[in-house]
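**Q** I am sharing target36.csv, which consists of CSV, C-alpha atoms:
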chain,number,residue,atom,x,y,z
S,18,MET,CA,-14.8,1.9,7.5
S,19,THR,CA,-17.8,3.3,9.4
S,20,ALA,CA,-18.7,6.9,10.3
S,21,LEU,CA,-21.6,8.5,12.0
S,22,GLU,CA,-23.9,10.8,10.2
S,23,PRO,CA,-23.5,14.4,11.3
S,24,ASN,CA,-26.7,14.3,13.5
S,25,ASP,CA,-25.5,11.1,15.2
S,26,GLN,CA,-22.4,12.8,16.7
S,27,PRO,CA,-22.0,12.8,20.4
S,28,ASN,CA,-22.3,16.6,20.6
S,29,ASP,CA,-23.9,19.1,18.4
S,30,GLN,CA,-20.8,20.9,17.1
S,31,PRO,CA,-20.7,21.4,13.3
S,32,ASN,CA,-18.2,18.9,11.9
S,33,ASP,CA,-15.7,21.6,10.9
S,34,GLN,CA,-15.7,22.9,14.4
S,35,ARG,CA,-15.4,19.4,15.8
S,36,LEU,CA,-12.3,18.9,13.7
S,37,GLN,CA,-10.8,22.1,14.8
S,38,THR,CA,-11.5,21.2,18.4
S,39,ALA,CA,-9.8,17.9,18.0
S,40,PHE,CA,-6.7,19.7,16.7
S,41,ARG,CA,-6.7,22.1,19.6
S,42,GLU,CA,-7.2,19.4,22.2
S,43,ALA,CA,-4.7,16.9,20.8
S,44,LEU,CA,-2.0,19.5,20.1
S,45,GLU,CA,-2.8,21.6,23.1
S,46,LEU,CA,-3.0,24.8,21.1
S,47,GLY,CA,-4.1,28.1,22.4
S,48,PRO,CA,-7.2,30.0,21.2
S,49,ASP,CA,-5.0,32.4,19.2
S,50,VAL,CA,-3.7,29.7,16.9
S,51,ASP,CA,-5.3,29.5,13.4
S,52,VAL,CA,-5.9,25.8,13.2
S,53,THR,CA,-7.0,25.8,9.6
S,54,SER,CA,-3.5,26.8,8.4
S,55,LEU,CA,-1.6,24.2,10.4
S,56,THR,CA,0.8,21.9,8.8
S,57,TYR,CA,2.7,18.9,10.2
S,58,ARG,CA,5.8,20.1,12.1
S,59,GLY,CA,4.6,23.7,11.3
S,60,VAL,CA,4.3,24.3,15.0
S,61,PRO,CA,6.4,22.7,17.7
S,62,GLN,CA,3.4,20.9,19.2
S,63,TRP,CA,2.6,18.9,16.0
S,64,ASP,CA,5.5,16.4,16.1
S,65,SER,CA,5.4,12.7,15.4
S,66,VAL,CA,4.3,11.7,18.9
S,67,ALA,CA,1.5,14.3,19.0
S,68,HIS,CA,0.5,13.1,15.5
S,69,MET,CA,-0.7,9.8,16.8
S,70,GLN,CA,-2.6,11.5,19.6
S,71,LEU,CA,-4.2,13.8,17.0
S,72,VAL,CA,-5.2,10.7,14.9
S,73,SER,CA,-6.8,9.1,18.0
S,74,THR,CA,-8.6,12.3,18.9
S,75,ILE,CA,-10.0,12.7,15.4
S,76,GLU,CA,-11.0,9.1,15.3
S,77,ALA,CA,-12.8,9.4,18.6
S,78,ALA,CA,-14.5,12.7,17.6
S,79,PHE,CA,-15.9,11.2,14.4
S,80,ASP,CA,-16.2,7.5,15.5
S,81,LEU,CA,-14.1,6.2,12.6
S,82,MET,CA,-10.9,4.3,12.1
S,83,LEU,CA,-8.5,5.8,9.7
S,84,GLU,CA,-6.3,3.8,7.3
S,85,THR,CA,-2.5,3.7,7.8
S,86,ASP,CA,-2.1,5.7,4.5
S,87,ASP,CA,-4.4,8.3,6.0
S,88,VAL,CA,-2.4,8.5,9.1
S,89,ILE,CA,0.8,9.0,7.1
S,90,GLY,CA,-0.8,11.4,4.7
S,91,MET,CA,-2.4,13.7,7.2
S,92,SER,CA,0.1,16.5,6.7
S,93,SER,CA,-2.0,19.5,7.3
S,94,TYR,CA,-5.4,20.6,8.7
S,95,ALA,CA,-6.7,20.8,5.1
S,96,LYS,CA,-5.5,17.3,4.4
S,97,ALA,CA,-7.1,16.1,7.6
S,98,ARG,CA,-10.4,17.7,6.5
S,99,GLU,CA,-10.1,15.8,3.2
S,100,ILE,CA,-9.5,12.5,4.9
S,101,VAL,CA,-12.4,12.7,7.3
S,102,ALA,CA,-14.6,13.7,4.5
S,103,LYS,CA,-13.5,10.7,2.5
S,104,HIS,CA,-14.6,8.6,5.5
S,105,GLY,CA,-18.2,9.8,5.2
S,106,VAL,CA,-18.1,12.9,7.5
S,107,ALA,CA,-20.1,15.8,6.0
S,108,LEU,CA,-18.0,18.9,6.0
M,15,MET,CA,-7.8,-27.2,29.0
M,16,THR,CA,-6.8,-24.1,30.9
M,17,GLY,CA,-5.2,-24.4,34.3
M,18,TRP,CA,-6.9,-21.3,35.6
M,19,PRO,CA,-9.6,-22.0,38.2
M,20,PRO,CA,-13.0,-23.0,36.8
M,21,GLY,CA,-15.3,-20.0,36.6
M,22,ALA,CA,-12.5,-17.5,36.8
M,23,ARG,CA,-13.6,-14.6,34.6
M,24,LEU,CA,-10.2,-12.9,34.6
M,25,LEU,CA,-10.8,-11.3,31.3
M,26,ALA,CA,-14.5,-10.5,31.4
M,27,GLY,CA,-15.3,-7.3,29.5
M,28,LYS,CA,-12.2,-7.4,27.4
M,29,THR,CA,-11.9,-8.0,23.7
M,30,ALA,CA,-9.1,-10.0,22.3
M,31,PHE,CA,-7.7,-10.9,18.8
M,32,VAL,CA,-5.7,-14.1,18.4
M,33,THR,CA,-3.9,-14.6,15.2
M,34,GLY,CA,-3.1,-18.1,13.9
M,35,ALA,CA,-6.1,-19.4,15.9
M,36,SER,CA,-6.9,-22.2,13.6
M,37,ARG,CA,-4.9,-24.7,15.5
M,38,GLY,CA,-2.1,-25.3,18.0
M,39,ILE,CA,-1.1,-22.6,20.4
M,40,GLY,CA,-3.4,-20.1,18.8
M,41,ARG,CA,-6.4,-22.3,19.2
M,42,ALA,CA,-5.6,-23.0,22.8
M,43,VAL,CA,-5.1,-19.3,23.5
M,44,ALA,CA,-8.5,-18.5,21.9
M,45,GLU,CA,-10.1,-21.2,24.1
M,46,THR,CA,-8.5,-20.0,27.3
M,47,LEU,CA,-9.2,-16.3,26.8
M,48,ALA,CA,-12.8,-17.1,26.0
M,49,ALA,CA,-13.0,-19.4,29.0
M,50,LEU,CA,-11.8,-16.5,31.1
M,51,GLY,CA,-14.6,-14.3,29.7
M,52,ALA,CA,-13.0,-12.4,26.9
M,53,ASP,CA,-14.7,-11.7,23.6
M,54,VAL,CA,-12.4,-13.3,21.0
M,55,ALA,CA,-11.6,-12.6,17.4
M,56,LEU,CA,-9.9,-15.6,15.7
M,57,GLY,CA,-7.5,-15.0,12.8
M,58,GLY,CA,-6.4,-17.7,10.5
M,59,VAL,CA,-5.5,-18.3,6.9
M,60,ARG,CA,-5.8,-21.9,6.0
M,61,ASP,CA,-9.4,-22.9,6.6
M,62,PRO,CA,-12.0,-20.0,6.7
M,63,ASP,CA,-14.9,-22.3,7.2
M,64,GLY,CA,-13.2,-24.2,10.0
M,65,LEU,CA,-12.3,-20.8,11.6
M,66,ALA,CA,-15.9,-19.7,11.5
M,67,GLN,CA,-17.0,-23.0,13.0
M,68,ALA,CA,-14.4,-22.7,15.7
M,69,ALA,CA,-15.6,-19.2,16.5
M,70,ALA,CA,-19.2,-20.2,16.7
M,71,GLU,CA,-18.3,-23.2,19.0
M,72,LEU,CA,-16.3,-20.9,21.3
M,73,ALA,CA,-19.2,-18.5,21.6
M,74,ALA,CA,-21.6,-21.2,22.4
M,75,ARG,CA,-19.3,-22.9,24.9
M,76,HIS,CA,-18.3,-19.9,26.9
M,77,GLY,CA,-21.1,-17.3,26.3
M,78,VAL,CA,-18.8,-14.7,24.8
M,79,ARG,CA,-18.9,-12.8,21.5
M,80,THR,CA,-16.5,-14.1,18.8
M,81,LEU,CA,-15.5,-13.1,15.3
M,82,ALA,CA,-13.8,-15.1,12.6
M,83,LEU,CA,-11.4,-13.0,10.6
M,84,PRO,CA,-9.7,-15.1,7.9
M,85,GLY,CA,-6.7,-13.5,6.3
M,86,ASP,CA,-3.0,-13.8,5.8
M,87,VAL,CA,-0.9,-11.9,8.4
M,88,ALA,CA,1.7,-11.3,5.7
M,89,ASP,CA,-0.9,-9.3,3.7
M,90,PRO,CA,-1.0,-5.7,5.1
M,91,ALA,CA,-4.3,-5.0,3.4
M,92,ALA,CA,-5.9,-8.1,5.0
M,93,VAL,CA,-4.6,-7.1,8.4
M,94,ARG,CA,-6.0,-3.6,8.1
M,95,ALA,CA,-9.4,-5.1,7.0
M,96,SER,CA,-9.3,-7.2,10.2
M,97,TYR,CA,-9.0,-4.2,12.4
M,98,GLN,CA,-11.7,-2.3,10.5
M,99,ALA,CA,-13.9,-5.3,11.2
M,100,ILE,CA,-13.1,-5.3,14.9
M,101,PHE,CA,-13.7,-1.6,15.1
M,102,LYS,CA,-17.0,-2.0,13.3
M,103,ALA,CA,-18.2,-4.8,15.5
M,104,TRP,CA,-16.7,-3.9,18.9
M,105,LYS,CA,-15.3,-0.4,18.7
M,106,GLN,CA,-12.4,-1.5,20.9
M,107,LEU,CA,-9.6,-4.0,21.3
M,108,ASP,CA,-7.9,-4.8,24.7
M,109,VAL,CA,-5.7,-7.7,23.9
M,110,LEU,CA,-3.7,-8.8,20.8
M,111,VAL,CA,-2.0,-12.2,20.8
M,112,ASN,CA,0.4,-12.1,17.8
M,113,ASN,CA,0.7,-15.8,17.4
M,114,ALA,CA,0.5,-16.7,13.7
M,115,GLY,CA,3.7,-18.2,12.3
M,116,VAL,CA,5.3,-20.8,10.1
M,117,LEU,CA,8.1,-23.1,11.0
M,118,GLU,CA,10.4,-24.1,8.1
M,119,GLY,CA,13.9,-25.3,8.7
M,120,ALA,CA,16.9,-25.4,6.3
M,121,ARG,CA,20.6,-25.6,6.9
M,122,ILE,CA,22.8,-22.7,6.0
M,123,GLY,CA,23.8,-22.9,2.3
M,124,MET,CA,20.5,-24.6,1.5
M,125,ILE,CA,18.2,-21.7,2.4
M,126,ASP,CA,15.8,-21.0,-0.4
M,127,ASP,CA,15.1,-17.3,-1.2
M,128,ARG,CA,11.4,-18.0,-1.0
M,129,LEU,CA,11.7,-19.6,2.3
M,130,VAL,CA,13.4,-16.5,3.7
M,131,GLU,CA,10.7,-14.3,2.2
M,132,ARG,CA,7.9,-16.5,3.5
M,133,VAL,CA,9.1,-17.0,7.0
M,134,LEU,CA,10.1,-13.4,7.6
M,135,ALA,CA,7.0,-12.0,6.0
M,136,THR,CA,4.8,-14.1,8.1
M,137,ASN,CA,6.6,-14.3,11.5
M,138,ALA,CA,8.1,-10.9,11.6
M,139,GLY,CA,6.2,-8.8,9.1
M,140,GLY,CA,2.9,-10.2,10.2
M,141,ALA,CA,3.6,-9.4,13.8
M,142,ILE,CA,4.5,-5.8,12.9
M,143,HIS,CA,1.4,-5.3,10.8
M,144,HIS,CA,-0.8,-6.6,13.6
M,145,LEU,CA,0.9,-4.7,16.3
M,146,GLN,CA,0.4,-1.5,14.4
M,147,GLY,CA,-3.3,-2.2,13.8
M,148,ALA,CA,-3.9,-3.1,17.4
M,149,ALA,CA,-2.0,-0.2,18.8
M,150,ARG,CA,-4.3,2.2,16.8
M,151,LEU,CA,-7.4,0.7,18.5
M,152,MET,CA,-5.8,0.4,21.9
M,153,GLY,CA,-4.4,3.9,21.8
M,154,ARG,CA,-7.8,5.4,21.7
M,155,ALA,CA,-8.7,3.8,25.0
M,156,LYS,CA,-5.3,4.4,26.5
M,157,ARG,CA,-5.0,0.8,27.5
M,158,GLY,CA,-4.1,-2.6,26.0
M,159,ALA,CA,-2.0,-5.7,26.2
M,160,ILE,CA,0.0,-7.1,23.3
M,161,ILE,CA,1.5,-10.5,23.6
M,162,ASN,CA,3.9,-11.5,20.8
M,163,VAL,CA,4.6,-15.2,20.5
M,164,SER,CA,8.4,-15.7,19.9
M,165,SER,CA,10.2,-18.9,20.5
M,166,ILE,CA,13.1,-20.3,22.4
M,167,MET,CA,14.7,-20.4,18.9
M,168,GLY,CA,14.5,-16.6,18.8
M,169,VAL,CA,16.4,-16.4,22.1
M,170,ARG,CA,18.9,-19.3,21.8
M,171,GLY,CA,18.9,-20.3,18.1
M,172,ASP,CA,19.6,-23.8,16.9
M,173,GLU,CA,21.1,-25.7,14.0
M,174,GLY,CA,19.0,-25.8,10.9
M,175,GLN,CA,16.7,-23.0,12.1
M,176,ALA,CA,18.6,-19.9,11.1
M,177,VAL,CA,15.7,-18.2,9.3
M,178,TYR,CA,13.0,-19.2,11.8
M,179,ALA,CA,15.3,-18.1,14.7
M,180,ALA,CA,15.9,-14.8,12.9
M,181,SER,CA,12.2,-14.2,12.5
M,182,LYS,CA,11.5,-15.0,16.1
M,183,ALA,CA,14.4,-12.8,17.3
M,184,ALA,CA,12.8,-10.1,15.3
M,185,VAL,CA,9.6,-10.6,17.3
M,186,ILE,CA,11.6,-10.0,20.5
M,187,GLY,CA,13.1,-6.8,19.0
M,188,LEU,CA,9.7,-5.7,18.0
M,189,THR,CA,8.4,-6.4,21.6
M,190,LEU,CA,11.2,-4.4,23.2
M,191,ALA,CA,10.8,-1.4,20.9
M,192,ALA,CA,7.1,-1.3,21.0
M,193,ALA,CA,7.0,-1.7,24.8
M,194,LYS,CA,8.9,1.6,25.1
M,195,GLU,CA,7.0,3.4,22.4
M,196,LEU,CA,3.5,2.4,23.5
M,197,ALA,CA,3.9,2.6,27.3
M,198,PRO,CA,2.9,6.3,27.3
M,199,GLN,CA,-0.4,5.2,25.8
M,200,GLY,CA,-1.0,2.6,28.5
M,201,ILE,CA,-0.3,-0.3,26.2
M,202,ARG,CA,1.8,-3.1,27.5
M,203,VAL,CA,3.8,-5.3,25.1
M,204,ASN,CA,5.4,-8.6,26.2
M,205,ALA,CA,6.6,-11.7,24.4
M,206,VAL,CA,6.5,-15.4,25.3
M,207,ALA,CA,9.2,-17.8,24.1
M,208,PRO,CA,7.7,-21.3,24.1
M,209,GLY,CA,10.1,-24.2,24.0
M,210,TYR,CA,9.1,-27.7,22.8
M,211,ILE,CA,5.3,-27.7,22.7
M,212,ALA,CA,3.0,-30.5,21.5
M,213,THR,CA,1.5,-29.0,18.3
M,214,ASP,CA,1.2,-29.9,14.6
M,215,MET,CA,4.4,-28.0,14.1
M,216,ILE,CA,6.5,-30.7,15.8
M,217,ALA,CA,4.3,-33.7,15.0
M,218,GLY,CA,6.3,-34.5,11.9
M,219,LEU,CA,9.7,-34.6,13.6
M,220,ALA,CA,11.7,-37.8,13.3
M,221,PRO,CA,11.7,-40.0,16.5
M,222,GLU,CA,15.4,-39.4,17.1
M,223,VAL,CA,15.0,-35.7,16.9
M,224,HIS,CA,12.0,-35.9,19.3
M,225,ALA,CA,14.1,-37.9,21.7
M,226,GLN,CA,17.0,-35.4,21.5
M,227,ARG,CA,14.6,-32.5,22.2
M,228,LEU,CA,13.1,-34.3,25.2
M,229,GLY,CA,16.6,-34.8,26.6
M,230,GLN,CA,17.2,-31.0,26.5
M,231,ILE,CA,14.1,-30.3,28.7
M,232,GLY,CA,14.7,-30.0,32.4
M,233,LEU,CA,11.2,-31.0,33.3
M,234,GLY,CA,11.6,-34.0,31.1
M,235,ARG,CA,8.4,-33.6,29.1
M,236,VAL,CA,6.8,-31.8,26.2
M,237,GLY,CA,4.8,-28.7,27.0
M,238,THR,CA,1.2,-28.3,26.1
M,239,ALA,CA,-0.4,-25.5,24.1
M,240,ALA,CA,-2.7,-24.9,27.1
M,241,GLU,CA,0.2,-24.2,29.3
M,242,VAL,CA,1.4,-21.6,26.9
M,243,ALA,CA,-2.1,-20.2,26.8
M,244,ASP,CA,-2.3,-19.8,30.6
M,245,VAL,CA,0.8,-17.6,30.7
M,246,ILE,CA,-0.5,-15.5,27.8
M,247,ALA,CA,-3.8,-15.1,29.7
M,248,PHE,CA,-1.9,-13.8,32.7
M,249,LEU,CA,0.0,-11.3,30.5
M,250,ALA,CA,-3.3,-10.3,28.9
M,251,SER,CA,-4.9,-9.7,32.3
M,252,ASP,CA,-4.7,-6.9,34.8
M,253,LEU,CA,-2.7,-9.2,37.0
M,254,ALA,CA,0.2,-8.2,34.8
M,255,ALA,CA,-0.7,-4.5,34.9
M,256,TYR,CA,2.9,-3.6,35.7
M,257,VAL,CA,4.6,-6.0,33.3
M,258,THR,CA,5.8,-4.7,30.0
M,259,GLY,CA,8.9,-5.2,27.7
M,260,GLN,CA,9.5,-8.7,29.0
M,261,VAL,CA,10.2,-12.0,27.3
M,262,ILE,CA,8.8,-14.9,29.3
M,263,GLY,CA,10.2,-18.4,28.6
M,264,ILE,CA,7.7,-21.2,28.6
M,265,ASP,CA,10.0,-24.1,28.0
M,266,GLY,CA,10.2,-26.4,31.1
M,267,GLY,CA,13.8,-25.5,31.6
M,268,MET,CA,14.9,-26.4,28.0
M,269,ARG,CA,18.6,-26.0,27.2
M,270,ILE,CA,19.7,-25.6,23.7
Could you spell out this file's structure in structure tokens?
**A**
Amino acid sequence: MTALEPNDQPNDQPNDQRLQTAFREALELGPDVDVTSLTYRGVPQWDSVAHMQLVSTIEAAFDLMLETDDVIGMSSYAKAREIVAKHGVAL
Amino acid sequence: MTGWPPGARLLAGKTAFVTGASRGIGRAVAETLAALGADVALGGVRDPDGLAQAAAELAARHGVRTLALPGDVADPAAVRASYQAIFKAWKQLDVLVNNAGVLEGARIGMIDDRLVERVLATNAGGAIHHLQGAARLMGRAKRGAIINVSSIMGVRGDEGQAVYAASKAAVIGLTLAAAKELAPQGIRVNAVAPGYIATDMIAGLAPEVHAQRLGQIGLGRVGTAAEVADVIAFLASDLAAYVTGQVIGIDGGMRI
């Protein structure tokens, strides 16, 4: 497992913002959606196909590779936040 | 030795992972992919030191980057660790050759429970674990080629090979399903089904069995691991950019 330090990220967004951006991009969510309250299958866009796209987007955003258990366990935005933090991303 | 033209750098800039690269077809595939310019990670379980040496020799011979990733394909944790290692070293994976396998025969009625578990866990389970790991890395780049090594036994079956044939048929099912599921991510998944190939796996066969096998081959000779590797290299390359969900026989016209 490897992760960049916050200052090494490819852009200067705070990490919380970067995670929210990853969700918006991967799930194609409008600006009115409260990303922080999202749960898996809680919105039509977050289905099993989009989930893998979300994982890829988060991995690319933070330059890390998640474990299979993380992929399966990423059931909400809050859980995703916990998972990326576990991989060394400061949130 | 590869049959591709000398100096062909068909796979330059690509990274590949070959499982079961300690010997036989896997070793030949690693050699061919490196000769064609790919950086190659070699997986193997039996001889970690030998694997590291093979990786170093390959790097020196072909001027590519190599990794030695010892581990049992039947161990999901070891497989995951391999992909973390590739991510850490290379950040990407373009080609997976899912080759690791065991060949153990037994006639129906004499099939030991542990044989079933061992053969299915390695040949089918291992292929699934690796495909899943590779797809994760390839999905990020929206491209990739996975080549699963099945067998003519998985297509035709044969006496005394029920478990092995079942495991290799599973590899074909995996290929067909994964090709559909991963196509939207730009990942191609194909299988090869080698016939009677000169490797350690067949070296111990009785002379009469060998003769019987030869008689089943249209081209009248045993295939070589390098000939299998050449087809795999094609499937790994952009020359096969529109080929997915296929099972390619490499068997010299063998009839079982």
**Q** Tell me which protein, DNA and RNA residues are within 9 Å of Ala176 in chain M, counting all atoms listed in the file, leaving out same-chain ones fewer than 5 positions away, and put them as JSON, numbers by chain.
**A** {"M": [119, 120, 121, 122, 125, 167, 171, 181]}
**Q** Emit the selected residues as a PDB file, in the frame of the given file, including C-alpha atoms.
**A**
ATOM      1  CA  GLY M 119      13.900 -25.300   8.700  1.00  0.00           C
ATOM      2  CA  ALA M 120      16.900 -25.400   6.300  1.00  0.00           C
ATOM      3  CA  ARG M 121      20.600 -25.600   6.900  1.00  0.00           C
ATOM      4  CA  ILE M 122      22.800 -22.700   6.000  1.00  0.00           C
ATOM      5  CA  ILE M 125      18.200 -21.700   2.400  1.00  0.00           C
ATOM      6  CA  MET M 167      14.700 -20.400  18.900  1.00  0.00           C
ATOM      7  CA  GLY M 171      18.900 -20.300  18.100  1.00  0.00           C
ATOM      8  CA  SER M 181      12.200 -14.200  12.500  1.00  0.00           C
TER       9      SER M 181
END
**Q** Could you please tell me, as a list in words, which residues of chain S have an atom within 9 Å of chain M when using all atoms listed in the file?
**A** Met18, Thr19, Met69, Gln70, Val72, Ser73, Thr74, Glu76, Ala77, Asp80, Leu81, Met82, Leu83, Glu84 and Thr85 of chain S
**Q** Show me the residues close to (-8.9, -11.4, 21.4) - anything with an atom within 7 Å, counting all atoms listed in the file - and format the list as a VMD selection string.
**A** chain M and resid 29 to 32 52 to 55 109 to 111
**Q** Thr56 in chain S: which residues within 9 Å, counting all atoms listed in the file, same-chain residues fewer than 2 positions away excluded, as a count of residues only?
**A** 13
**Q** Hey, can you check how far CA of Val116 in chain M sits from CA of Glu241 in chain M?
**A**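 Separating CA of Val116 in chain M from CA of Glu241 in chain M is a distance of 20.2 Å.
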**Q** To one decimal in Å, tell me the separation between CA of Trp18 in chain M and CA of Leu50 in chain M.
**A**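 CA of Leu50 in chain M lies 8.2 Å from CA of Trp18 in chain M.
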**Q** Determine, counting all atoms listed in the file, which protein, DNA and RNA residues have an atom within 9 Å of an atom of Asp33 in chain S; residues of the same chain fewer than 6 positions away are not included. Present the result as an mmCIF file with C-alpha atoms, in the frame of the given file.
**A**
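After the write, around.cif holds the following:
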data_model
loop_
_atom_site.group_PDB
_atom_site.id
_atom_site.type_symbol
_atom_site.label_atom_id
_atom_site.label_comp_id
_atom_site.auth_asym_id
_atom_site.auth_seq_id
_atom_site.Cartn_x
_atom_site.Cartn_y
_atom_site.Cartn_z
ATOM 1 C CA ARG S 98 -10.400 17.700 6.500
ATOM 2 C CA ALA S 107 -20.100 15.800 6.000
ATOM 3 C CA LEU S 108 -18.000 18.900 6.000
#
**Q** Skipping near chain neighbours, those fewer than 4 positions away, what residues fall within 10 Å of Ala255 in chain M using all atoms listed in the file, listed as a count of residues only?
**A** 9
**Q** Would you list the residues near (5.3, -13.5, 19.6), meaning any protein, DNA or RNA residue with an atom at most 6 Å from that point in file coordinates, counting all atoms listed in the file, as a ChimeraX atom specification?
**A** /M:112-113,162-164,185,205
**Q** What lies within 12 Å of Glu45 in chain S using all atoms listed in the file, ignoring chain neighbours under 2 positions off, as a PyMOL selection string?
**A** chain S and resi 37-43+47-50+52+60-63+67-68+70-71+74
**Q** Please indicate the distance in Å from CA of Ser165 in chain M to CA of Val257 in chain M, rounded to one decimal place.
**A**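 So the answer is 19.0 Å.
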**Q** Show me, as CSV, the residues of range 96-213 of chain M having an atom within 9 Å of range 259-263 of chain M, each with the closest atom pair and its distance in Å, using only C-alpha atoms.
**A**
residue,atom,partner,partner_atom,distance
M:Ser164,CA,M:Val261,CA,8.5
M:Ser165,CA,M:Gly263,CA,8.1
M:Ile166,CA,M:Gly263,CA,7.1
M:Ile186,CA,M:Val261,CA,7.2
M:Thr189,CA,M:Gly259,CA,6.2
M:Leu190,CA,M:Gly259,CA,5.1
M:Ala191,CA,M:Gly259,CA,8.0
M:Ala192,CA,M:Gly259,CA,8.0
M:Ala193,CA,M:Gly259,CA,4.9
M:Lys194,CA,M:Gly259,CA,7.3
M:Arg202,CA,M:Gly259,CA,7.4
M:Val203,CA,M:Gly259,CA,5.7
M:Asn204,CA,M:Gln260,CA,5.0
M:Ala205,CA,M:Val261,CA,4.6
M:Val206,CA,M:Ile262,CA,4.6
M:Ala207,CA,M:Gly263,CA,4.6
M:Pro208,CA,M:Gly263,CA,5.9
M:Gly209,CA,M:Gly263,CA,7.4
